[in-house]
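Coordinates as given in coords_9.cif (mmCIF, C-alpha atoms):
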```
data_target
#
loop_
_atom_site.label_atom_id
_atom_site.label_comp_id
_atom_site.auth_asym_id
_atom_site.auth_seq_id
_atom_site.Cartn_x
_atom_site.Cartn_y
_atom_site.Cartn_z
CA MET A 1 25.20 19.04 -19.71
CA ALA A 2 23.66 15.58 -20.13
CA ARG A 3 20.91 14.58 -17.70
CA PRO A 4 21.82 11.83 -15.21
CA ARG A 5 20.56 8.38 -16.12
CA PRO A 6 17.14 7.59 -14.56
CA ILE A 7 17.15 5.21 -11.58
CA ILE A 8 14.36 2.66 -11.05
CA PHE A 9 14.17 1.33 -7.49
CA ASP A 10 12.46 -1.81 -6.32
CA CYS A 11 10.72 -1.14 -3.00
CA ASP A 12 10.72 -4.25 -0.80
CA GLY A 13 14.23 -5.23 0.26
CA VAL A 14 15.78 -2.22 -1.49
CA LEU A 15 14.17 0.95 -0.14
CA VAL A 16 12.56 -0.68 2.89
CA ASP A 17 13.74 -3.67 4.90
CA SER A 18 10.44 -5.45 4.54
CA GLU A 19 11.10 -8.99 3.39
CA PRO A 20 11.54 -10.61 6.85
CA LEU A 21 8.31 -8.96 8.01
CA ALA A 22 6.44 -9.95 4.86
CA ALA A 23 7.56 -13.55 5.31
CA LYS A 24 6.31 -13.49 8.90
CA ALA A 25 2.94 -12.21 7.69
CA TYR A 26 2.58 -15.04 5.17
CA GLU A 27 3.50 -17.62 7.82
CA ARG A 28 0.92 -16.23 10.26
CA VAL A 29 -1.90 -15.96 7.75
CA TYR A 30 -1.39 -19.41 6.23
CA GLU A 31 -1.27 -20.91 9.74
CA LYS A 32 -4.43 -18.99 10.67
CA HIS A 33 -6.18 -20.72 7.76
CA GLY A 34 -4.97 -24.16 8.87
CA MET A 35 -2.01 -24.46 6.51
CA ALA A 36 1.16 -25.06 8.49
CA GLY A 37 4.64 -25.41 7.03
CA VAL A 38 4.77 -22.16 5.06
CA HIS A 39 8.06 -21.01 6.59
CA GLY A 40 10.71 -18.46 5.71
CA GLY A 41 12.53 -20.82 3.39
CA ILE A 42 9.41 -21.22 1.28
CA ILE A 43 8.74 -17.48 1.15
CA ALA A 44 12.39 -16.79 0.25
CA GLN A 45 11.76 -18.54 -3.05
CA CYS A 46 9.03 -16.02 -3.83
CA VAL A 47 10.91 -12.76 -3.17
CA GLY A 48 10.26 -10.30 -5.99
CA MET A 49 6.91 -11.77 -7.05
CA LYS A 50 3.52 -10.11 -6.78
CA GLN A 51 1.07 -11.57 -4.26
CA SER A 52 -1.00 -13.60 -6.74
CA ASP A 53 2.15 -15.25 -8.09
CA ILE A 54 3.43 -15.91 -4.56
CA ILE A 55 0.21 -17.73 -3.70
CA VAL A 56 0.61 -19.90 -6.81
CA ARG A 57 4.26 -20.61 -5.98
CA ILE A 58 3.44 -21.58 -2.39
CA ARG A 59 0.82 -24.00 -3.71
CA GLU A 60 3.42 -25.53 -6.03
CA LEU A 61 5.92 -25.90 -3.18
CA THR A 62 3.59 -27.04 -0.40
CA GLY A 63 0.30 -28.13 -1.92
CA HIS A 64 -1.55 -25.49 0.13
CA GLN A 65 -4.25 -23.64 -1.83
CA PHE A 66 -4.91 -20.31 -0.15
CA PRO A 67 -8.62 -19.38 -0.25
CA ALA A 68 -9.21 -16.59 -2.75
CA ALA A 69 -11.81 -15.01 -0.48
CA ALA A 70 -9.12 -14.46 2.15
CA ASP A 71 -6.54 -12.72 -0.08
CA GLY A 72 -7.07 -9.49 1.85
CA ASP A 73 -5.91 -11.16 5.07
CA ILE A 74 -2.32 -11.22 3.79
CA TRP A 75 -2.10 -7.45 3.34
CA ALA A 76 -4.01 -6.82 6.59
CA GLU A 77 -1.43 -8.83 8.59
CA THR A 78 1.46 -7.33 6.62
CA LYS A 79 0.19 -3.79 7.23
CA ILE A 80 0.09 -4.38 10.99
CA LEU A 81 3.68 -5.61 11.03
CA PHE A 82 4.88 -2.81 8.75
CA SER A 83 3.18 -0.14 10.86
CA GLN A 84 4.87 -1.49 13.97
CA GLU A 85 8.31 -2.53 12.75
CA LEU A 86 9.18 -1.49 9.18
CA SER A 87 12.40 0.50 8.72
CA PRO A 88 14.24 1.88 5.70
CA THR A 89 17.30 -0.01 4.54
CA PRO A 90 20.42 1.39 6.27
CA GLY A 91 21.68 4.56 4.61
CA ILE A 92 18.98 4.89 1.94
CA ALA A 93 17.65 8.26 3.12
CA ALA A 94 21.10 9.88 2.98
CA PHE A 95 21.65 8.30 -0.44
CA LEU A 96 18.39 9.68 -1.82
CA GLU A 97 19.08 13.15 -0.39
CA THR A 98 22.05 13.60 -2.74
CA LEU A 99 20.87 11.57 -5.73
CA GLU A 100 20.45 13.67 -8.86
CA GLY A 101 18.14 13.03 -11.79
CA ASP A 102 14.86 11.21 -12.29
CA ARG A 103 13.93 8.28 -10.10
CA CYS A 104 10.88 6.12 -9.52
CA VAL A 105 9.70 3.00 -7.72
CA ALA A 106 8.77 -0.12 -9.70
CA SER A 107 7.52 -2.84 -7.37
CA SER A 108 5.62 -6.10 -7.42
CA SER A 109 3.61 -4.88 -4.43
CA SER A 110 0.27 -3.12 -4.61
CA VAL A 111 0.19 0.68 -4.79
CA GLU A 112 -1.35 0.76 -1.31
CA ARG A 113 1.47 -1.32 0.13
CA ILE A 114 4.19 0.71 -1.61
CA ASN A 115 2.70 3.99 -0.40
CA HIS A 116 2.28 2.67 3.13
CA SER A 117 5.85 1.38 3.21
CA LEU A 118 7.30 4.68 2.01
CA ALA A 119 5.12 6.71 4.39
CA VAL A 120 5.99 4.62 7.45
CA THR A 121 9.72 4.87 6.69
CA GLY A 122 9.74 8.56 5.80
CA LEU A 123 10.82 8.01 2.18
CA ALA A 124 7.63 9.03 0.35
CA HIS A 125 8.76 12.58 -0.43
CA PHE A 126 11.73 11.32 -2.44
CA PHE A 127 9.43 9.84 -5.10
CA GLY A 128 6.18 11.83 -5.16
CA ASP A 129 3.78 10.24 -7.64
CA ALA A 130 6.49 8.21 -9.42
CA ILE A 131 5.18 4.94 -7.95
CA TYR A 132 4.56 2.02 -10.30
CA SER A 133 3.14 -1.37 -9.37
CA SER A 134 2.96 -4.68 -11.19
CA SER A 135 -0.81 -4.30 -10.82
CA MET A 136 -0.52 -1.68 -13.59
CA VAL A 137 0.88 -4.14 -16.16
CA LYS A 138 -0.04 -7.54 -17.57
CA ASN A 139 2.88 -9.63 -16.32
CA GLY A 140 4.82 -9.41 -13.05
CA LYS A 141 8.55 -9.87 -12.60
CA PRO A 142 10.57 -11.63 -14.03
CA ALA A 143 8.76 -10.23 -17.09
CA PRO A 144 10.08 -6.79 -18.10
CA ASP A 145 6.62 -5.16 -18.18
CA ILE A 146 6.86 -3.06 -15.02
CA PHE A 147 10.30 -1.70 -15.92
CA LEU A 148 9.29 -0.77 -19.45
CA PHE A 149 6.14 0.85 -18.06
CA ALA A 150 8.21 2.87 -15.57
CA ALA A 151 10.64 4.01 -18.27
CA ALA A 152 7.75 5.11 -20.48
CA ARG A 153 6.19 7.08 -17.62
CA MET A 154 9.51 8.84 -17.03
CA GLY A 155 9.95 9.51 -20.75
CA ALA A 156 13.21 7.59 -20.65
CA ASN A 157 14.93 5.24 -23.06
CA PRO A 158 15.03 1.80 -21.38
CA ALA A 159 18.70 1.42 -22.30
CA ASP A 160 19.49 4.55 -20.27
CA CYS A 161 17.75 3.30 -17.12
CA ILE A 162 19.49 1.74 -14.13
CA VAL A 163 17.50 -0.68 -11.97
CA ILE A 164 18.34 -1.47 -8.34
CA GLU A 165 16.86 -4.83 -7.31
CA ASP A 166 17.32 -7.38 -4.53
CA SER A 167 15.69 -10.43 -6.14
CA PRO A 168 16.72 -12.67 -9.04
CA PHE A 169 13.23 -12.22 -10.52
CA GLY A 170 13.65 -8.44 -10.46
CA ILE A 171 17.11 -8.62 -11.99
CA GLN A 172 15.83 -10.90 -14.75
CA GLY A 173 13.05 -8.42 -15.51
CA ALA A 174 15.47 -5.50 -15.66
CA VAL A 175 17.80 -7.40 -18.00
CA ALA A 176 14.86 -8.40 -20.20
CA ALA A 177 13.95 -4.71 -20.40
CA GLY A 178 17.46 -3.91 -21.67
CA MET A 179 18.43 -1.95 -18.56
CA THR A 180 21.55 -1.86 -16.41
CA ALA A 181 20.88 -3.98 -13.32
CA ILE A 182 22.42 -3.45 -9.89
CA GLY A 183 21.90 -6.23 -7.35
CA TYR A 184 21.39 -4.95 -3.79
CA THR A 185 22.20 -7.28 -0.88
CA GLY A 186 21.87 -4.91 2.08
CA GLY A 187 18.44 -6.01 3.31
CA GLY A 188 17.71 -8.13 6.37
CA HIS A 189 16.80 -11.12 4.19
CA THR A 190 20.22 -11.41 2.54
CA TYR A 191 22.04 -14.75 2.62
CA ALA A 192 25.44 -16.22 1.74
CA GLU A 193 24.69 -16.91 -1.94
CA HIS A 194 22.60 -13.77 -2.49
CA ALA A 195 25.14 -11.83 -4.56
CA ALA A 196 26.01 -14.89 -6.64
CA ARG A 197 22.34 -15.55 -7.39
CA LEU A 198 21.86 -11.94 -8.53
CA ILE A 199 24.92 -12.11 -10.79
CA GLU A 200 23.64 -15.41 -12.19
CA ALA A 201 20.30 -13.71 -12.91
CA GLY A 202 22.14 -11.06 -14.93
CA ALA A 203 23.12 -8.26 -12.53
CA ASP A 204 25.98 -6.14 -13.84
CA PHE A 205 27.36 -6.00 -10.29
CA THR A 206 26.14 -6.25 -6.70
CA CYS A 207 26.36 -3.87 -3.74
CA ALA A 208 25.97 -4.64 -0.03
CA ASP A 209 25.32 -1.03 1.05
CA TRP A 210 24.38 2.37 -0.34
CA HIS A 211 27.94 3.70 -0.20
CA GLU A 212 28.93 1.01 -2.68
CA VAL A 213 25.89 1.81 -4.82
CA SER A 214 27.06 5.45 -4.92
CA ARG A 215 30.52 4.39 -6.04
CA GLN A 216 29.15 2.16 -8.77
CA LEU A 217 26.72 4.82 -10.00
CA ALA A 218 29.56 7.33 -10.22
CA GLY A 219 31.23 4.92 -12.61
CA LEU A 220 28.05 4.91 -14.68
CA GLY A 221 27.95 8.71 -14.80
CA VAL A 222 25.31 9.22 -12.10
CA PRO A 223 26.13 11.64 -9.25
CA ALA A 224 24.97 10.12 -5.97
#
```

Rewritten as structure tokens:
Amino acid sequence: MARPRPIIFDCDGVLVDSEPLAAKAYERVYEKHGMAGVHGGIIAQCVGMKQSDIIVRIRELTGHQFPAAADGDIWAETKILFSQELSPTPGIAAFLETLEGDRCVASSSSVERINHSLAVTGLAHFFGDAIYSSSMVKNGKPAPDIFLFAAARMGANPADCIVIEDSPFGIQGAVAAGMTAIGYTGGGHTYAEHAARLIEAGADFTCADWHEVSRQLAGLGVPA
């Protein structure tokens, strides 16, 4: 019997409903350093990027240059909010309980943030050590580096892998890696054009909840 196709999960906005909290952390920290106007709409344009790329993008959009010496303040504020309020996306635990085959996490976040997010939400045991961060590769999403790295670590052919992503940057990276891309729109940061943007980025289809993901995976030969 053939092995189920490997599944590569993004973390933020897919496994954990973190994007609204992360946006709040950026707003607070930028304001703390005297840089007002970094609001949710600005951060929404950075979803899927690693922190260093987000800082560059915010500078491009607002003119605010965040002080390099204070980079740690962003994670410190984010960690407080996550510890207090972070929750898994609705239905993900039940989905993972029945999912067969290899799976891993491939995220733009740091390893520390991924591990903290999964621990706080009770999802860590579903992945073990199969945690991969953009800090482990040269280029962050939308480059394919992190997805190709994850596939190599799992001993999988990239063409066999299925990626579940909530951001256009993540979808673009998955497509560039030659993988099947599922756009997930069930997080608290979703918006009216979310699904259309993911399809435009190259998603094979989009799903608003984990029941729909299960149905789509069944069509791809993955029991879930």

Query raised in the report: Given the file above and the PyMOL selection byres ((chain A and resi 167-174) around 7), which residues are selected, and can you give them as a PyMOL selection string?
Result: chain A and resi 47-48+141-144+147+163+165-166+175-179+181+197-198+201-203

Requested in this report: Find the distance between CA of Gly140 in chain A and CA of Asp160 in chain A and write it in Å to one decimal.
Outcome: 21.5 Å

**Report entry** Gap from CA of Ser107 in chain A to CA of Ala68 in chain A - Å, one decimal
**Finding:** 22.1 Å

Query raised in the report: What is the CA of Ala22 in chain A to CA of His189 in chain A distance in Å?
Result: 10.4 Å

Edge lengths and centre, in Å to one decimal, as lines of an AutoDock Vina configuration file: that's what I need for the box along x, y and z that holds all listed atoms of range 218-222 of chain A plus 8 Å on each side.
```
center_x = 28.3
center_y = 7.1
center_z = -12.5
size_x = 21.9
size_y = 20.3
size_z = 20.6
```

Requested in this report: Write out as an MDAnalysis selection string which residues come within 6 Å of range 130-137 of chain A when counting all atoms listed in the file, dropping same-chain ones fewer than 6 positions away.
Outcome: chainID A and resid 104:108 110:111 146

Requested in this report: Would you mind telling me which residue in A:Phe82, A:Ala156, A:Gln45, A:Val38 lies nearest to Thr62 in chain A when using all atoms listed in the file?
Outcome: A:Val38

Explicit residue set for the PyMOL selection byres ((chain A and resi 86) around 12), as a tab-separated table (two decimals) with C-alpha atoms, in the coordinates of the input:
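As written to disk, expr.tsv reads:
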```tsv
chain	number	residue	atom	x	y	z
A	12	ASP	CA	10.72	-4.25	-0.80
A	13	GLY	CA	14.23	-5.23	0.26
A	15	LEU	CA	14.17	0.95	-0.14
A	16	VAL	CA	12.56	-0.68	2.89
A	17	ASP	CA	13.74	-3.67	4.90
A	18	SER	CA	10.44	-5.45	4.54
A	19	GLU	CA	11.10	-8.99	3.39
A	20	PRO	CA	11.54	-10.61	6.85
A	21	LEU	CA	8.31	-8.96	8.01
A	22	ALA	CA	6.44	-9.95	4.86
A	78	THR	CA	1.46	-7.33	6.62
A	79	LYS	CA	0.19	-3.79	7.23
A	80	ILE	CA	0.09	-4.38	10.99
A	81	LEU	CA	3.68	-5.61	11.03
A	82	PHE	CA	4.88	-2.81	8.75
A	83	SER	CA	3.18	-0.14	10.86
A	84	GLN	CA	4.87	-1.49	13.97
A	85	GLU	CA	8.31	-2.53	12.75
A	87	SER	CA	12.40	0.50	8.72
A	88	PRO	CA	14.24	1.88	5.70
A	89	THR	CA	17.30	-0.01	4.54
A	90	PRO	CA	20.42	1.39	6.27
A	113	ARG	CA	1.47	-1.32	0.13
A	116	HIS	CA	2.28	2.67	3.13
A	117	SER	CA	5.85	1.38	3.21
A	118	LEU	CA	7.30	4.68	2.01
A	119	ALA	CA	5.12	6.71	4.39
A	120	VAL	CA	5.99	4.62	7.45
A	121	THR	CA	9.72	4.87	6.69
A	122	GLY	CA	9.74	8.56	5.80
A	123	LEU	CA	10.82	8.01	2.18
A	187	GLY	CA	18.44	-6.01	3.31
A	188	GLY	CA	17.71	-8.13	6.37
```

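What the PyMOL selection byres ((chain A and resi 98) around 12) grabs from this file is Gly91, Ile92, Ala93, Ala94, Phe95, Leu96, Glu97, Leu99, Glu100, Gly101, Phe126, Trp210, His211, Ser214, Val222, Pro223 and Ala224 of chain A.
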
Query raised in the report: Contacts of Ser52 in chain A at 10 Å or less, counting only C-alpha atoms, minus same-chain residues fewer than 2 places along, as a ChimeraX atom specification?
Result: /A:49-50,54-57,68,71,140

Requested in this report: Considering all atoms listed in the file, state which residue in the set A:Ala23, A:Met154, A:Met35, A:Ile42 is at the smallest distance from Trp75 in chain A.
Outcome: A:Ala23

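You can rank A:Ile182, A:Leu61, A:Cys46, A:Ala76 by their closest distance to Glu212 in chain A using all atoms listed in the file, and at the top of that list sits A:Ile182.
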
Query - Nearest to Gly155 in chain A, chosen from A:Asp102, A:Gly219, A:Ala25, A:Lys138, with only C-alpha atoms counted in the distances - result: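 Answer, going by the shortest atom-to-atom distance: A:Asp102.
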
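Among the candidate residues A:Glu193, A:His33, A:Cys161, A:Val14, the one lying nearest to Ala69 in chain A is A:His33, with distances computed using only C-alpha atoms.
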
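Nearest residue to Tyr191 in chain A among A:Gly72, A:Pro4, A:Gly41, A:Gly34 is A:Gly41, counting all atoms listed in the file.
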